[in-house]
Amino acid sequence: MDGGGKLGYGGHHHHHHDTAKLLKAVSRNVEPRNFGIGLVAGFLIVTCAYFSTAKFDAIHIALVSPDARNAAAGIGTPVSAAQASSQRLGSDLGSPDLEDALSKQGSRAEVLDKDDDDTGGKILPSPETDSGQSASLGNTRKDDTFAREGDEVAGGGGGAPLPSLSSEEPANDTLKQGGLEDEELQVRDAIGSSTKKSSNGSSPSVVPSDPATLPVPPVQQIPLAQQQETEAPPVQQIPLIPEPNHTGPEQSASAPPREWKPLCDLASNRRIDWCELDGDVRVHGAQGTVTLVGAAKAEEWRVKPYPRKVDSNAMRFVREIAVRSTTDSGEQECSERRDVPALLFSDRGYVGNYFHAYTDVILPLFLTAKQYGGEVLFLVSDFQMWWLGKFMPVFKSLSNYDLVDLAADNRTRCFRHVQVGLTCHSDFSIDPRRAPNGYSMVDFTKFMRTTYNLPRDLAIPASNTRPRLLIIARARTRRFVNTDEIIRAAKKVGFEVVVSEGTHEVAPFAEEANSCDAMLGVHGAGLTNMVFLPTRGVVIQVVPLGGLEFVAGYFRSPSRDMGLEYFEYRIARNESTLADQYPPDHPIFTDPDGVKSKGWDSLKEAYLDKQDVRLDMRRFRPLLKKAIAHIRANKLK
């Protein structure tokens, strides 16, 4: 026990001795100056911690603004989630740290935008918005050109397709120069597409949505407790939603005011400028004015109602019409008031050409006037009786009233509706998706057959009769120089052959064409008579040398739209009379693009005016066999 007591005391004493030694060692190793610095640092750390806690408490108190407290107590205006977010941002933006954080967040957003550009300029809609927004963008297209079938070509060499002249496409820069016939415009378009890169490969355009057509989302009221739990984004763009302005029950019950729109459209259609006037419309033909009286806004436009507006050569003799509106009702009194609508158009331009007569006037007139069932009046500017008389059956089929010579009319005629300029889509073509009542080229050919009392609607030969082939004979250029050989070959495969170059009178040639099942001709206006062929008939277009596949498009797609079978035969060098005029190494053979690049006159002289065709029957005969096989197959359909 004693021994134990000694040991315990001795150990305690030894412990205090060791502690003293340790403190002494520390005091020797730590200098007083360093020790003081450590104490100050520790004090600063504790102080910063204390004030940081106090600052955060203050921020937390500031988040509950007086407006928010009033809303929670049921006093004043309710606070929306958007307003609460704005209040939070407004109170915190005073902090430089937060401003710096927001600027960094904005830089990150810019980087994300740049990353999106790596998709090649495409806008990738989110799964939530793809179905709705994509559909709405697709519906905004105004002037979509409808799809065509692939070409069936005999003679090799794929040609460039004819550039479409729909209203949805922008005009080519070369079109602004004027002085060009339409085929020359196609030449320049084709040359441009072959010598420089097309812009069609660029990123697609973005169709902006009209905010007026989008539904306005309601402002949802969110309880204050939920607002406090919801964390606001760093930067939130909040659209301003205007509140409806109710002035009383009388205004809310009345119909919304009619949206104002310009009288004339000079931009949407590449071929023609046109105007529509509804209301009290007064036409003074001799003065060349069409006036809407008592309008909400005064306007004045000047248009030439003929569908070659980019071709100064075609438009130079077309009379200009002044289309205007006035807020004043004190215009000239009406000499005659009509309840039927009026269509005002010109019969100048290129109507002397048989093809242009159809594509510039006859077809657009059908497209515009057919819907009225004869109850429409035609006001003809630049009245040419020699031409109007040629197509008088067409005018009488579309209108129950006599034609009005506008320039010779000194009266003031009053209407409820007037259209200046005819509706047209593209050359010798109708887009049923944009046409009144869904009219198509099949409807147009039925109309033409009815107008000229033609009996055959389908190309089905009668029993024990041979299918008939009409060969279009040209008098001056692009002639068949071996017509007799072509006739023999056609008869050998089973055709009965008729050769005709047409007359000034439309009716006799229309009857001739309708009696046939197939038509053969070198590219030219004579092929326009395909409108009289019965449905399911055959058209064979022979394309001369010189890279003229693009002009063949004037008949390629329209013939198919008429319900006809189309064949295209592109001649070889030995089938052209140019081979008799030039050596094989001449640029007319080796560099047709160079010839075309010198302009329309150069191309016309080289390939259209000086070239005739001598068909190689060994090469052409298989196409005749295909044509007659198609006609015979009609009996089985």
# chains A, B, ... in the order shown; residues from 1 in each chain; ligands from 1
call {"tool": "residues_around", "arguments": {"residues": "Val293 (chain A)", "least_positions_apart": "4", "cutoff": "7 Å", "atoms": "only C-alpha atoms", "output": "mmCIF file with C-alpha atoms, in the first residue's frame"}}
result
data_model
loop_
_atom_site.group_PDB
_atom_site.id
_atom_site.type_symbol
_atom_site.label_atom_id
_atom_site.label_comp_id
_atom_site.auth_asym_id
_atom_site.auth_seq_id
_atom_site.Cartn_x
_atom_site.Cartn_y
_atom_site.Cartn_z
ATOM 1 C CA ASP A 280 -68.321 51.165 -103.757
ATOM 2 C CA VAL A 281 -65.953 50.763 -106.738
ATOM 3 C CA SER A 325 -59.054 54.607 -102.824
ATOM 4 C CA THR A 326 -60.468 57.801 -101.335
ATOM 5 C CA THR A 327 -62.139 58.669 -98.071
ATOM 6 C CA ASP A 328 -64.314 61.191 -99.921
ATOM 7 C CA SER A 329 -67.656 60.048 -101.313
#
call {"tool": "closest_residue", "arguments": {"among": "A:Ala369, A:Val543, A:Cys264, A:Val283", "to": "Val404 (chain A)", "atoms": "only C-alpha atoms"}}
result
A:Val283
call {"tool": "residues_around", "arguments": {"residues": "region 273-275 of chain A", "least_positions_apart": "6", "cutoff": "9 Å", "atoms": "only C-alpha atoms", "output": "PyMOL selection string"}}
result
chain A and resi 262-267+301+303-307+309+323+418-423
call {"tool": "write_last_selection", "arguments": {"atoms": "all heavy atoms", "output": "short mmCIF file (atom, residue, chain, number, x, y, z; two decimals), in the first residue's frame"}}
result
data_model
loop_
_atom_site.label_atom_id
_atom_site.label_comp_id
_atom_site.auth_asym_id
_atom_site.auth_seq_id
_atom_site.Cartn_x
_atom_site.Cartn_y
_atom_site.Cartn_z
N PRO A 262 -53.73 46.49 -98.08
CA PRO A 262 -53.54 47.31 -99.29
C PRO A 262 -54.44 46.85 -100.43
O PRO A 262 -54.79 45.67 -100.52
CB PRO A 262 -52.06 47.10 -99.62
CG PRO A 262 -51.44 46.60 -98.36
CD PRO A 262 -52.50 45.84 -97.64
N LEU A 263 -54.79 47.75 -101.29
CA LEU A 263 -55.62 47.42 -102.44
C LEU A 263 -54.90 46.49 -103.41
O LEU A 263 -55.51 45.63 -104.04
CB LEU A 263 -56.05 48.70 -103.18
CG LEU A 263 -56.93 49.69 -102.42
CD1 LEU A 263 -57.19 50.91 -103.30
CD2 LEU A 263 -58.23 49.04 -102.00
N CYS A 264 -53.59 46.69 -103.57
CA CYS A 264 -52.82 46.00 -104.61
C CYS A 264 -51.69 45.18 -103.99
O CYS A 264 -51.17 45.51 -102.93
CB CYS A 264 -52.25 46.98 -105.62
SG CYS A 264 -53.52 47.94 -106.49
N ASP A 265 -51.34 44.13 -104.71
CA ASP A 265 -50.23 43.26 -104.32
C ASP A 265 -49.21 43.28 -105.46
O ASP A 265 -49.47 42.77 -106.55
CB ASP A 265 -50.74 41.84 -104.09
CG ASP A 265 -49.66 40.88 -103.61
OD1 ASP A 265 -48.47 41.28 -103.63
OD2 ASP A 265 -49.98 39.75 -103.22
N LEU A 266 -48.07 43.89 -105.19
CA LEU A 266 -47.02 44.02 -106.21
C LEU A 266 -45.84 43.11 -105.94
O LEU A 266 -44.85 43.16 -106.67
CB LEU A 266 -46.53 45.47 -106.30
CG LEU A 266 -47.58 46.57 -106.44
CD1 LEU A 266 -46.90 47.92 -106.66
CD2 LEU A 266 -48.54 46.28 -107.58
N ALA A 267 -45.90 42.29 -104.90
CA ALA A 267 -44.71 41.55 -104.47
C ALA A 267 -44.86 40.04 -104.49
O ALA A 267 -43.90 39.33 -104.76
CB ALA A 267 -44.31 41.99 -103.06
N TRP A 301 -52.24 53.37 -106.61
CA TRP A 301 -51.31 52.41 -107.22
C TRP A 301 -51.40 52.54 -108.73
O TRP A 301 -52.43 52.97 -109.26
CB TRP A 301 -51.66 50.97 -106.81
CG TRP A 301 -51.78 50.74 -105.34
CD1 TRP A 301 -52.83 51.10 -104.53
CD2 TRP A 301 -50.84 50.08 -104.51
NE1 TRP A 301 -52.58 50.71 -103.25
CE2 TRP A 301 -51.38 50.08 -103.20
CE3 TRP A 301 -49.59 49.49 -104.72
CZ2 TRP A 301 -50.71 49.51 -102.11
CZ3 TRP A 301 -48.93 48.91 -103.65
CH2 TRP A 301 -49.48 48.93 -102.36
N VAL A 303 -50.73 50.01 -112.04
CA VAL A 303 -50.41 48.64 -112.43
C VAL A 303 -50.69 48.45 -113.93
O VAL A 303 -51.51 49.17 -114.52
CB VAL A 303 -51.24 47.61 -111.62
CG1 VAL A 303 -50.92 47.72 -110.14
CG2 VAL A 303 -52.73 47.79 -111.85
N LYS A 304 -50.00 47.47 -114.50
CA LYS A 304 -50.25 47.04 -115.87
C LYS A 304 -50.76 45.61 -115.79
O LYS A 304 -50.00 44.69 -115.45
CB LYS A 304 -48.97 47.13 -116.71
CG LYS A 304 -48.50 48.55 -116.95
CD LYS A 304 -47.31 48.59 -117.91
CE LYS A 304 -46.94 50.02 -118.27
NZ LYS A 304 -45.84 50.07 -119.27
N PRO A 305 -52.04 45.38 -116.11
CA PRO A 305 -52.66 44.08 -115.85
C PRO A 305 -52.36 43.02 -116.91
O PRO A 305 -53.25 42.51 -117.60
CB PRO A 305 -54.16 44.43 -115.82
CG PRO A 305 -54.28 45.58 -116.75
CD PRO A 305 -53.03 46.37 -116.61
N TYR A 306 -51.07 42.67 -117.01
CA TYR A 306 -50.65 41.62 -117.94
C TYR A 306 -49.52 40.84 -117.28
O TYR A 306 -48.60 41.44 -116.70
CB TYR A 306 -50.18 42.24 -119.27
CG TYR A 306 -49.79 41.22 -120.32
CD1 TYR A 306 -50.76 40.57 -121.07
CD2 TYR A 306 -48.45 40.91 -120.56
CE1 TYR A 306 -50.40 39.63 -122.04
CE2 TYR A 306 -48.09 39.99 -121.52
CZ TYR A 306 -49.06 39.34 -122.26
OH TYR A 306 -48.71 38.42 -123.19
N PRO A 307 -49.55 39.50 -117.36
CA PRO A 307 -48.63 38.69 -116.54
C PRO A 307 -47.23 38.48 -117.13
O PRO A 307 -46.75 37.35 -117.24
CB PRO A 307 -49.38 37.36 -116.43
CG PRO A 307 -50.17 37.26 -117.68
CD PRO A 307 -50.58 38.67 -118.01
N LYS A 309 -44.68 41.02 -116.01
CA LYS A 309 -44.28 42.31 -115.47
C LYS A 309 -42.77 42.52 -115.47
O LYS A 309 -42.32 43.66 -115.44
CB LYS A 309 -44.83 42.47 -114.05
CG LYS A 309 -44.23 41.55 -113.00
CD LYS A 309 -44.83 41.86 -111.64
CE LYS A 309 -44.21 41.03 -110.54
NZ LYS A 309 -44.81 41.34 -109.22
N VAL A 323 -55.12 52.64 -109.84
CA VAL A 323 -56.01 52.03 -108.85
C VAL A 323 -55.86 52.82 -107.56
O VAL A 323 -54.74 52.99 -107.06
CB VAL A 323 -55.65 50.55 -108.62
CG1 VAL A 323 -56.57 49.93 -107.58
CG2 VAL A 323 -55.74 49.77 -109.94
N VAL A 418 -64.21 44.52 -107.87
CA VAL A 418 -63.41 44.61 -109.10
C VAL A 418 -62.04 44.01 -108.82
O VAL A 418 -61.41 44.31 -107.80
CB VAL A 418 -63.26 46.08 -109.58
CG1 VAL A 418 -62.31 46.15 -110.77
CG2 VAL A 418 -64.61 46.67 -109.93
N GLN A 419 -61.58 43.17 -109.75
CA GLN A 419 -60.20 42.67 -109.69
C GLN A 419 -59.46 43.17 -110.91
O GLN A 419 -59.89 42.97 -112.04
CB GLN A 419 -60.16 41.13 -109.64
CG GLN A 419 -58.74 40.57 -109.60
CD GLN A 419 -58.68 39.08 -109.33
OE1 GLN A 419 -59.53 38.53 -108.64
NE2 GLN A 419 -57.67 38.40 -109.87
N VAL A 420 -58.33 43.82 -110.67
CA VAL A 420 -57.48 44.33 -111.75
C VAL A 420 -56.29 43.39 -111.87
O VAL A 420 -55.49 43.25 -110.94
CB VAL A 420 -57.00 45.76 -111.44
CG1 VAL A 420 -56.12 46.28 -112.57
CG2 VAL A 420 -58.19 46.69 -111.22
N GLY A 421 -56.15 42.74 -113.03
CA GLY A 421 -55.13 41.72 -113.21
C GLY A 421 -55.70 40.35 -112.89
O GLY A 421 -56.49 40.20 -111.94
N LEU A 422 -55.31 39.35 -113.65
CA LEU A 422 -55.87 38.01 -113.50
C LEU A 422 -55.02 37.15 -112.57
O LEU A 422 -53.82 37.38 -112.41
CB LEU A 422 -55.97 37.33 -114.88
CG LEU A 422 -56.84 38.07 -115.91
CD1 LEU A 422 -56.76 37.38 -117.27
CD2 LEU A 422 -58.29 38.17 -115.44
N THR A 423 -55.67 36.16 -111.99
CA THR A 423 -54.95 35.21 -111.13
C THR A 423 -54.16 34.25 -112.01
O THR A 423 -54.69 33.68 -112.96
CB THR A 423 -55.95 34.41 -110.28
OG1 THR A 423 -56.73 35.32 -109.51
CG2 THR A 423 -55.22 33.45 -109.35
#
call {"tool": "select_by_dssp", "arguments": {"residues": "region 295-544 of chain A", "states": "helix (DSSP H, G or I)", "output": "PyMOL selection string"}}
result
chain A and resi 312-315+354-372+385-390+392-398+406-408+436-438+441-451+483-493+506-514+525-532
call {"tool": "closest_residue", "arguments": {"among": "A:Val481, A:Arg324, A:Met448, A:Asp561", "to": "Asn529 (chain A)", "atoms": "only C-alpha atoms"}}
result
A:Met448
call {"tool": "select_by_dssp", "arguments": {"residues": "region 337-491 of chain A", "states": "strand (DSSP E)", "output": "number ranges by chain"}}
result
A: 337, 342-346, 377-381, 404-405, 412-420, 468-472
call {"tool": "atom_distance", "arguments": {"atom1": "CA of Glu333 (chain A)", "atom2": "CA of Thr412 (chain A)"}}
result
7.1 Å
call {"tool": "residues_around", "arguments": {"residues": "Lys492 (chain A)", "least_positions_apart": "5", "cutoff": "10 Å", "atoms": "only C-alpha atoms", "output": "VMD selection string"}}
result
chain A and resid 486 to 487 621 624 to 625
call {"tool": "write_last_selection", "arguments": {"atoms": "N, CA, C and O atoms", "output": "PDB file, in the first residue's frame"}}
result
ATOM      1  N   ILE A 486     -41.085   9.727-141.494  1.00  0.00           N
ATOM      2  CA  ILE A 486     -41.750   9.622-140.190  1.00  0.00           C
ATOM      3  C   ILE A 486     -43.152   9.045-140.362  1.00  0.00           C
ATOM      4  O   ILE A 486     -43.599   8.189-139.572  1.00  0.00           O
ATOM      5  N   ILE A 487     -43.856   9.487-141.385  1.00  0.00           N
ATOM      6  CA  ILE A 487     -45.213   8.985-141.635  1.00  0.00           C
ATOM      7  C   ILE A 487     -45.179   7.485-141.889  1.00  0.00           C
ATOM      8  O   ILE A 487     -46.000   6.718-141.348  1.00  0.00           O
ATOM      9  N   ARG A 621     -37.998   5.014-133.702  1.00  0.00           N
ATOM     10  CA  ARG A 621     -39.095   4.057-133.840  1.00  0.00           C
ATOM     11  C   ARG A 621     -39.512   3.418-132.513  1.00  0.00           C
ATOM     12  O   ARG A 621     -40.721   3.236-132.270  1.00  0.00           O
ATOM     13  N   LEU A 624     -42.189   5.456-130.867  1.00  0.00           N
ATOM     14  CA  LEU A 624     -43.494   5.310-131.495  1.00  0.00           C
ATOM     15  C   LEU A 624     -44.200   4.052-131.004  1.00  0.00           C
ATOM     16  O   LEU A 624     -45.418   4.061-130.773  1.00  0.00           O
ATOM     17  N   LYS A 625     -43.425   2.991-130.825  1.00  0.00           N
ATOM     18  CA  LYS A 625     -44.016   1.742-130.336  1.00  0.00           C
ATOM     19  C   LYS A 625     -44.535   1.901-128.903  1.00  0.00           C
ATOM     20  O   LYS A 625     -45.599   1.384-128.554  1.00  0.00           O
TER      21      LYS A 625
END
call {"tool": "residues_around", "arguments": {"residues": "Gln287 (chain A)", "least_positions_apart": "5", "cutoff": "12 Å", "atoms": "only C-alpha atoms", "output": "PyMOL selection string"}}
result
chain A and resi 282+319-323+381+406-412
call {"tool": "residues_around", "arguments": {"residues": "region 580-595 of chain A", "least_positions_apart": "2", "cutoff": "9 Å", "atoms": "only C-alpha atoms", "output": "MDAnalysis selection string"}}
result
chainID A and resid 191 194 545:547 573:574 576:578 597:599 602:603 606:607
call {"tool": "write_last_selection", "arguments": {"atoms": "N, CA, C and O atoms", "output": "compact mmCIF listing (two decimals), in the first residue's frame"}}
result
# COMPACT_ATOMS: atom_id res chain seq x y z
N ILE A 191 -28.21 29.52 -117.20
CA ILE A 191 -26.79 29.85 -117.27
C ILE A 191 -26.26 30.20 -115.90
O ILE A 191 -25.18 29.76 -115.49
N SER A 194 -25.62 27.18 -113.78
CA SER A 194 -24.51 26.33 -114.18
C SER A 194 -23.16 26.97 -113.97
O SER A 194 -22.14 26.30 -113.95
N LEU A 545 -31.23 20.44 -130.79
CA LEU A 545 -29.88 20.49 -130.23
C LEU A 545 -29.62 21.86 -129.61
O LEU A 545 -30.20 22.86 -130.01
N GLY A 546 -28.77 21.89 -128.60
CA GLY A 546 -28.37 23.16 -128.00
C GLY A 546 -28.68 23.29 -126.53
O GLY A 546 -28.74 24.40 -126.01
N GLY A 547 -28.89 22.18 -125.84
CA GLY A 547 -29.19 22.27 -124.41
C GLY A 547 -30.49 22.97 -124.13
O GLY A 547 -30.59 23.78 -123.20
N ARG A 573 -26.54 14.92 -132.65
CA ARG A 573 -25.95 15.88 -133.59
C ARG A 573 -26.27 15.53 -135.03
O ARG A 573 -26.57 16.42 -135.83
N ASN A 574 -26.25 14.24 -135.36
CA ASN A 574 -26.49 13.86 -136.75
C ASN A 574 -27.95 14.05 -137.15
O ASN A 574 -28.29 13.96 -138.34
N SER A 576 -29.60 16.87 -136.52
CA SER A 576 -29.79 18.32 -136.65
C SER A 576 -29.19 18.82 -137.95
O SER A 576 -28.09 18.40 -138.34
N THR A 577 -29.88 19.73 -138.62
CA THR A 577 -29.33 20.32 -139.84
C THR A 577 -28.16 21.25 -139.53
O THR A 577 -27.49 21.70 -140.46
N LEU A 578 -27.90 21.55 -138.26
CA LEU A 578 -26.71 22.31 -137.91
C LEU A 578 -25.45 21.56 -138.30
O LEU A 578 -24.41 22.18 -138.57
N SER A 597 -24.56 32.17 -123.31
CA SER A 597 -24.12 33.24 -122.42
C SER A 597 -24.06 34.59 -123.13
O SER A 597 -24.01 35.63 -122.48
N LYS A 598 -24.09 34.59 -124.45
CA LYS A 598 -24.08 35.84 -125.21
C LYS A 598 -25.46 36.48 -125.27
O LYS A 598 -25.59 37.58 -125.81
N GLY A 599 -26.46 35.80 -124.74
CA GLY A 599 -27.79 36.39 -124.68
C GLY A 599 -28.82 35.64 -125.50
O GLY A 599 -28.52 34.70 -126.24
N SER A 602 -28.49 35.47 -129.40
CA SER A 602 -27.51 34.50 -129.84
C SER A 602 -28.08 33.09 -129.82
O SER A 602 -27.92 32.31 -130.77
N LEU A 603 -28.75 32.73 -128.73
CA LEU A 603 -29.34 31.39 -128.63
C LEU A 603 -30.44 31.21 -129.68
O LEU A 603 -30.50 30.17 -130.36
N ALA A 606 -28.96 30.76 -133.20
CA ALA A 606 -28.18 29.54 -133.42
C ALA A 606 -29.04 28.29 -133.38
O ALA A 606 -28.91 27.41 -134.25
N TYR A 607 -29.91 28.18 -132.36
CA TYR A 607 -30.58 26.89 -132.11
C TYR A 607 -32.07 26.87 -132.44
O TYR A 607 -32.64 25.78 -132.59
call {"tool": "residues_around", "arguments": {"residues": "Phe391 (chain A)", "least_positions_apart": "6", "cutoff": "10 Å", "atoms": "only C-alpha atoms", "output": "number ranges by chain"}}
result
A: 357-358, 362, 385, 505-507
call {"tool": "atom_distance", "arguments": {"atom1": "CA of Ser346 (chain A)", "atom2": "CA of Val380 (chain A)"}}
result
5.7 Å
call {"tool": "closest_residue", "arguments": {"among": "A:Arg488, A:Arg449, A:Arg570, A:Lys297", "to": "Ala513 (chain A)", "atoms": "only C-alpha atoms"}}
result
A:Arg449
call {"tool": "atom_distance", "arguments": {"atom1": "CA of Ala510 (chain A)", "atom2": "CA of Phe532 (chain A)"}}
result
5.7 Å
